[in-house]
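K.L.:
I'd like to ask some things about the structure below.
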Amino acid sequence: MWKGVEHAFNPVGGLHHAHPDRASGFCIFNDPALCIAYLKKKYGLKKIMYLDIDAHHGDGVMYGFYSDPSVLDIDFHEDGRYLFPGTGFTNEIGEGEGRGYKVNIPVPPFTYDEPYLNAFREVVPKLTRAYEPEIVLMQCGADSHANDLLAHLDLTTHAYGEIVSTIHRLSHEVCDGRLVVLGGGGYNLGNAVRCWTVAFNELAEARPAEEIPKEWLDLYRNLGEGEPPRFLHDKPEPRKRDEEMLKHIAGIVADLQKRIPMLSKT
């Protein structure tokens, strides 16, 4: 990051549940937390932003730096009342000097692109610009995509594209493009690889063909996963607006604006 490389992408990273004294949630060690600790120790960084869009709350990272103002942790996830690890509510905003630097956006099951992106647009750019991090880390769990086997959110590849594109642009705006993107959860193979391909292409500013190569389709079938998706992006489908969900998620944002000083000032 300080030797000419702006971005890094590790799709097998993002193991955000492990704690210092125990493994948890399929995670033996917590590579995002270790990365943050290394950046603080090696480079003396004082402002690191960590964004997590995995369907599961990144408890190992958030509580590992819960009193640390040098880590702004923004975590979008399925409401902990319905999904492991059962944490990450709006009143969890850090403690001591870290108070106001931990931001949880717990969305309800079946949240789809429109309400999710409404919250993202209200929260993330404002916090990023207010905090002015020296580097951005992003955990890009693919289990927030629709039809994941272990979660209940309903995002499409188009939402993933907008989110990563926005973070990419913001990283260039506030910290000279220093951006590390990690994988995370994702228990539907066809969805996970497409979400991460979309993420990689946003970082590379590439626009590949929409049709997925035959070689990959054959490999997918040989793995016994059934019939593969044929296109990189989900096909847009008409959807009735869920006014109650839109109102509920707008209420989450309003609650955070009262709790987080950096949001209330912008």
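Labels used: A, B, ... for chains in the order of the structure tokens, numbers from 1 for residues in each chain, and numbers from 1 for ligands as shown.
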Please list as a PyMOL selection string every residue within 12 Å of Pro11 (chain A), counting only C-alpha atoms and excluding residues in the same chain fewer than 5 positions away.
P.N.:
chain A and resi 31+138-142+180-186+192-200
K.L.:
Restricting it to N, CA and C atoms, dump the selection as a PDB file, in the first residue's frame.
P.N.:
ATOM      1  N   ASP A  31      -8.352 -12.697  10.305  1.00  0.00           N
ATOM      2  CA  ASP A  31      -7.400 -11.971   9.464  1.00  0.00           C
ATOM      3  C   ASP A  31      -7.710 -10.477   9.339  1.00  0.00           C
ATOM      4  N   MET A 138     -12.250  -3.519   3.682  1.00  0.00           N
ATOM      5  CA  MET A 138     -13.644  -3.902   3.454  1.00  0.00           C
ATOM      6  C   MET A 138     -13.785  -5.409   3.463  1.00  0.00           C
ATOM      7  N   GLN A 139     -14.685  -5.926   4.287  1.00  0.00           N
ATOM      8  CA  GLN A 139     -15.052  -7.334   4.271  1.00  0.00           C
ATOM      9  C   GLN A 139     -16.293  -7.458   3.402  1.00  0.00           C
ATOM     10  N   CYS A 140     -16.155  -8.205   2.303  1.00  0.00           N
ATOM     11  CA  CYS A 140     -17.190  -8.262   1.268  1.00  0.00           C
ATOM     12  C   CYS A 140     -17.858  -9.635   1.253  1.00  0.00           C
ATOM     13  N   GLY A 141     -18.432 -10.033   2.381  1.00  0.00           N
ATOM     14  CA  GLY A 141     -19.106 -11.319   2.444  1.00  0.00           C
ATOM     15  C   GLY A 141     -20.214 -11.427   1.412  1.00  0.00           C
ATOM     16  N   ALA A 142     -20.255 -12.556   0.704  1.00  0.00           N
ATOM     17  CA  ALA A 142     -21.246 -12.752  -0.360  1.00  0.00           C
ATOM     18  C   ALA A 142     -22.541 -13.365   0.147  1.00  0.00           C
ATOM     19  N   VAL A 180      -8.063  -2.292   0.931  1.00  0.00           N
ATOM     20  CA  VAL A 180      -7.913  -3.746   0.991  1.00  0.00           C
ATOM     21  C   VAL A 180      -9.309  -4.352   1.071  1.00  0.00           C
ATOM     22  N   VAL A 181      -9.632  -5.231   0.127  1.00  0.00           N
ATOM     23  CA  VAL A 181     -10.936  -5.896   0.107  1.00  0.00           C
ATOM     24  C   VAL A 181     -10.736  -7.374   0.411  1.00  0.00           C
ATOM     25  N   LEU A 182     -11.552  -7.885   1.317  1.00  0.00           N
ATOM     26  CA  LEU A 182     -11.492  -9.286   1.729  1.00  0.00           C
ATOM     27  C   LEU A 182     -12.797  -9.974   1.361  1.00  0.00           C
ATOM     28  N   GLY A 183     -12.744 -11.296   1.252  1.00  0.00           N
ATOM     29  CA  GLY A 183     -13.957 -12.068   1.000  1.00  0.00           C
ATOM     30  C   GLY A 183     -14.786 -12.159   2.268  1.00  0.00           C
ATOM     31  N   GLY A 184     -15.162 -13.368   2.636  1.00  0.00           N
ATOM     32  CA  GLY A 184     -15.978 -13.567   3.828  1.00  0.00           C
ATOM     33  C   GLY A 184     -16.931 -14.713   3.607  1.00  0.00           C
ATOM     34  N   GLY A 185     -18.127 -14.609   4.179  1.00  0.00           N
ATOM     35  CA  GLY A 185     -19.120 -15.656   4.012  1.00  0.00           C
ATOM     36  C   GLY A 185     -19.644 -15.713   2.589  1.00  0.00           C
ATOM     37  N   GLY A 186     -20.302 -16.807   2.289  1.00  0.00           N
ATOM     38  CA  GLY A 186     -20.879 -17.006   0.960  1.00  0.00           C
ATOM     39  C   GLY A 186     -21.067 -18.489   0.744  1.00  0.00           C
ATOM     40  N   ALA A 192     -21.510 -16.539  -4.745  1.00  0.00           N
ATOM     41  CA  ALA A 192     -20.275 -16.031  -4.143  1.00  0.00           C
ATOM     42  C   ALA A 192     -19.256 -15.644  -5.206  1.00  0.00           C
ATOM     43  N   VAL A 193     -19.032 -16.521  -6.176  1.00  0.00           N
ATOM     44  CA  VAL A 193     -18.004 -16.214  -7.172  1.00  0.00           C
ATOM     45  C   VAL A 193     -18.417 -15.040  -8.050  1.00  0.00           C
ATOM     46  N   ARG A 194     -19.695 -14.890  -8.289  1.00  0.00           N
ATOM     47  CA  ARG A 194     -20.130 -13.741  -9.093  1.00  0.00           C
ATOM     48  C   ARG A 194     -19.990 -12.440  -8.308  1.00  0.00           C
ATOM     49  N   CYS A 195     -20.380 -12.451  -7.029  1.00  0.00           N
ATOM     50  CA  CYS A 195     -20.232 -11.232  -6.221  1.00  0.00           C
ATOM     51  C   CYS A 195     -18.779 -10.795  -6.138  1.00  0.00           C
ATOM     52  N   TRP A 196     -17.877 -11.747  -5.945  1.00  0.00           N
ATOM     53  CA  TRP A 196     -16.464 -11.389  -5.813  1.00  0.00           C
ATOM     54  C   TRP A 196     -15.839 -11.021  -7.154  1.00  0.00           C
ATOM     55  N   THR A 197     -16.341 -11.597  -8.236  1.00  0.00           N
ATOM     56  CA  THR A 197     -15.882 -11.169  -9.558  1.00  0.00           C
ATOM     57  C   THR A 197     -16.325  -9.741  -9.829  1.00  0.00           C
ATOM     58  N   VAL A 198     -17.557  -9.424  -9.468  1.00  0.00           N
ATOM     59  CA  VAL A 198     -18.046  -8.050  -9.602  1.00  0.00           C
ATOM     60  C   VAL A 198     -17.180  -7.102  -8.774  1.00  0.00           C
ATOM     61  N   ALA A 199     -16.862  -7.494  -7.543  1.00  0.00           N
ATOM     62  CA  ALA A 199     -16.030  -6.649  -6.678  1.00  0.00           C
ATOM     63  C   ALA A 199     -14.656  -6.414  -7.296  1.00  0.00           C
ATOM     64  N   PHE A 200     -14.030  -7.489  -7.769  1.00  0.00           N
ATOM     65  CA  PHE A 200     -12.698  -7.368  -8.367  1.00  0.00           C
ATOM     66  C   PHE A 200     -12.732  -6.448  -9.585  1.00  0.00           C
TER      67      PHE A 200
END
K.L.:
Could you list, as a list in words, every residue within 10 Å of Glu162 (chain A), counting only C-alpha atoms and ignoring same-chain residues fewer than 6 positions away?
P.N.:
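The contact residues come out as Leu117, Phe120, Arg121, His168, Val198, Ala199 and Glu202 of chain A.
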K.L.:
I need the residues in region 26-202 of chain A that are strand (DSSP E or B) according to DSSP; give them as a compact mmCIF listing (two decimals) with N, CA and C atoms, in the first residue's frame.
P.N.:
# COMPACT_ATOMS: atom_id res chain seq x y z
N CYS A 27 -14.38 -19.53 11.79
CA CYS A 27 -13.17 -18.71 11.71
C CYS A 27 -12.17 -19.15 12.78
N ILE A 48 -8.00 3.97 10.79
CA ILE A 48 -8.29 2.84 9.90
C ILE A 48 -9.80 2.67 9.84
N MET A 49 -10.35 2.62 8.65
CA MET A 49 -11.78 2.38 8.50
C MET A 49 -12.00 0.94 8.05
N TYR A 50 -12.92 0.27 8.73
CA TYR A 50 -13.26 -1.12 8.41
C TYR A 50 -14.75 -1.18 8.11
N LEU A 51 -15.09 -1.58 6.89
CA LEU A 51 -16.48 -1.74 6.47
C LEU A 51 -16.76 -3.22 6.26
N ASP A 52 -17.86 -3.71 6.82
CA ASP A 52 -18.21 -5.12 6.76
C ASP A 52 -19.64 -5.25 6.24
N VAL A 71 -9.93 2.89 15.01
CA VAL A 71 -10.63 1.99 14.09
C VAL A 71 -12.10 2.40 14.02
N LEU A 72 -12.50 2.95 12.88
CA LEU A 72 -13.91 3.20 12.60
C LEU A 72 -14.48 1.94 11.97
N ASP A 73 -15.39 1.29 12.65
CA ASP A 73 -15.96 0.02 12.21
C ASP A 73 -17.43 0.25 11.83
N ILE A 74 -17.74 0.04 10.56
CA ILE A 74 -19.11 0.18 10.05
C ILE A 74 -19.57 -1.19 9.59
N ASP A 75 -20.65 -1.69 10.18
CA ASP A 75 -21.04 -3.08 9.94
C ASP A 75 -22.51 -3.19 9.55
N PHE A 76 -22.76 -3.55 8.29
CA PHE A 76 -24.10 -3.86 7.79
C PHE A 76 -24.30 -5.37 7.90
N HIS A 77 -25.41 -5.80 8.47
CA HIS A 77 -25.62 -7.24 8.66
C HIS A 77 -27.09 -7.51 8.93
N GLU A 78 -27.46 -8.79 8.81
CA GLU A 78 -28.81 -9.18 9.17
C GLU A 78 -29.00 -9.04 10.68
N LYS A 102 -17.98 2.88 16.43
CA LYS A 102 -18.51 1.58 16.04
C LYS A 102 -19.96 1.79 15.61
N VAL A 103 -20.26 1.43 14.38
CA VAL A 103 -21.56 1.75 13.78
C VAL A 103 -22.19 0.47 13.25
N ASN A 104 -23.32 0.09 13.81
CA ASN A 104 -24.01 -1.13 13.40
C ASN A 104 -25.31 -0.80 12.68
N ILE A 105 -25.51 -1.43 11.54
CA ILE A 105 -26.73 -1.28 10.76
C ILE A 105 -27.36 -2.66 10.62
N PRO A 106 -28.21 -3.07 11.59
CA PRO A 106 -28.83 -4.40 11.55
C PRO A 106 -30.11 -4.37 10.72
N VAL A 107 -30.08 -4.94 9.53
CA VAL A 107 -31.25 -4.89 8.65
C VAL A 107 -32.09 -6.15 8.81
N TYR A 112 -33.77 -6.04 0.60
CA TYR A 112 -33.35 -6.08 -0.80
C TYR A 112 -32.59 -4.80 -1.15
N ILE A 135 -6.43 4.43 5.57
CA ILE A 135 -6.61 3.25 4.74
C ILE A 135 -8.01 2.71 5.00
N VAL A 136 -8.56 2.04 4.00
CA VAL A 136 -9.89 1.42 4.14
C VAL A 136 -9.75 -0.08 3.96
N LEU A 137 -10.33 -0.83 4.88
CA LEU A 137 -10.47 -2.29 4.75
C LEU A 137 -11.94 -2.60 4.57
N MET A 138 -12.25 -3.52 3.68
CA MET A 138 -13.64 -3.90 3.45
C MET A 138 -13.78 -5.41 3.46
N GLN A 139 -14.68 -5.93 4.29
CA GLN A 139 -15.05 -7.33 4.27
C GLN A 139 -16.29 -7.46 3.40
N HIS A 145 -26.14 -11.85 -0.42
CA HIS A 145 -26.83 -12.06 -1.69
C HIS A 145 -28.04 -12.96 -1.47
N ASP A 154 -31.46 -10.35 0.70
CA ASP A 154 -31.96 -10.51 -0.67
C ASP A 154 -31.29 -9.54 -1.64
N LEU A 155 -29.99 -9.31 -1.45
CA LEU A 155 -29.27 -8.40 -2.35
C LEU A 155 -28.96 -9.07 -3.68
N LEU A 179 -6.82 0.70 -0.29
CA LEU A 179 -8.03 -0.09 -0.07
C LEU A 179 -7.70 -1.58 -0.12
N VAL A 180 -8.06 -2.29 0.93
CA VAL A 180 -7.91 -3.75 0.99
C VAL A 180 -9.31 -4.35 1.07
N VAL A 181 -9.63 -5.23 0.13
CA VAL A 181 -10.94 -5.90 0.11
C VAL A 181 -10.74 -7.37 0.41
N LEU A 182 -11.55 -7.89 1.32
CA LEU A 182 -11.49 -9.29 1.73
C LEU A 182 -12.80 -9.97 1.36
K.L.:
In Å, with one decimal, what is the gap from CA of Ser144 (chain A) to CA of Ala130 (chain A)?
P.N.:
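Value for the CA of Ser144 (chain A)-CA of Ala130 (chain A) distance: 26.7 Å.
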K.L.:
Identify all residues of region 18-250 of chain A in alpha helix (DSSP H) (DSSP on the backbone) and supply them as a PyMOL selection string.
P.N.:
chain A and resi 31-43+59-64+113-131+157-175+189-204+214-222+243-250
K.L.:
Find the residues around Arg230 (chain A) up to 8 Å (only C-alpha atoms counted), leave out those fewer than 6 positions away in its own chain, and share them as a PDB file with C-alpha atoms, in the first residue's frame.
P.N.:
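Output (selection07.pdb):
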ATOM      1  CA  GLU A 211     -21.818 -14.242 -20.237  1.00  0.00           C
ATOM      2  CA  ILE A 212     -19.851 -16.606 -17.991  1.00  0.00           C
ATOM      3  CA  LEU A 217     -19.858 -23.601 -16.314  1.00  0.00           C
TER       4      LEU A 217
END
K.L.:
Have a look at A:Cys175, A:Leu83, A:Ile249, A:Ile53 and name the one nearest to Glu132 (chain A); count only C-alpha atoms.
P.N.:
A:Cys175
K.L.:
So that I can see what lies close to Asn30 (chain A), please list as number ranges by chain the residues with an atom at most 9 Å from it, counting only C-alpha atoms and leaving out residues fewer than 4 positions away in the same chain.
P.N.:
A: 13-20, 23, 34-35, 60-61
K.L.:
How far is it from CA of Asn191 (chain A) to CA of Tyr160 (chain A), in Å with one decimal?
P.N.:
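CA of Tyr160 (chain A) lies at a distance of 11.1 Å from CA of Asn191 (chain A).
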K.L.:
Just give me the gap between CA of Pro229 (chain A) and CA of Thr157 (chain A) in Å, one decimal is fine.
P.N.:
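So the two atoms, CA of Pro229 (chain A) and CA of Thr157 (chain A), lie 12.2 Å apart.
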K.L.:
Of the residues A:Thr156, A:Ser171, A:Asn91, A:Asn10, which is the one nearest to Pro32 (chain A), using only C-alpha atoms?
P.N.:
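The shortest atom-to-atom distance to Pro32 (chain A) comes from A:Asn10.
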K.L.:
Go through A:Ala55, A:Ile28, A:Val5, A:Met62 and flag the residue nearest His152 (chain A), using only C-alpha atoms for the distances.
P.N.:
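The answer is A:Ala55, which sits nearest to His152 (chain A).
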K.L.:
Pick from A:Gly190, A:Gly86, A:Pro238, A:Pro109: nearest to Leu219 (chain A), with only C-alpha atoms counted?
P.N.:
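Between A:Gly190, A:Gly86, A:Pro238, A:Pro109, the residue approaching Leu219 (chain A) most closely is A:Gly190.
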K.L.:
Give me the residues near Lys46 (chain A) as a VMD selection string, where near means some atom within 10 Å (using only C-alpha atoms) and where sequence neighbours in that chain fewer than 2 positions away do not count.
P.N.:
chain A and resid 39 to 40 43 to 44 48 68 to 71 133 to 135
K.L.:
So that I can see what lies close to Met262 (chain A), please list as a PyMOL selection string the residues with an atom at most 8 Å from it, counting only C-alpha atoms and leaving out residues fewer than 4 positions away in the same chain.
P.N.:
chain A and resi 100+126-127+130-131+266
K.L.:
Find the residue from A:Val174, A:Leu246, A:Leu203, A:Leu189 that sits nearest to Gly224 (chain A); use only C-alpha atoms when measuring.
P.N.:
A:Leu189
K.L.:
Nearest to His56 (chain A): which of A:Glu114, A:Lys42, A:Glu173, A:Leu153 is it, counting only C-alpha atoms?
P.N.:
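Using only C-alpha atoms, His56 (chain A) sits closest to A:Leu153.
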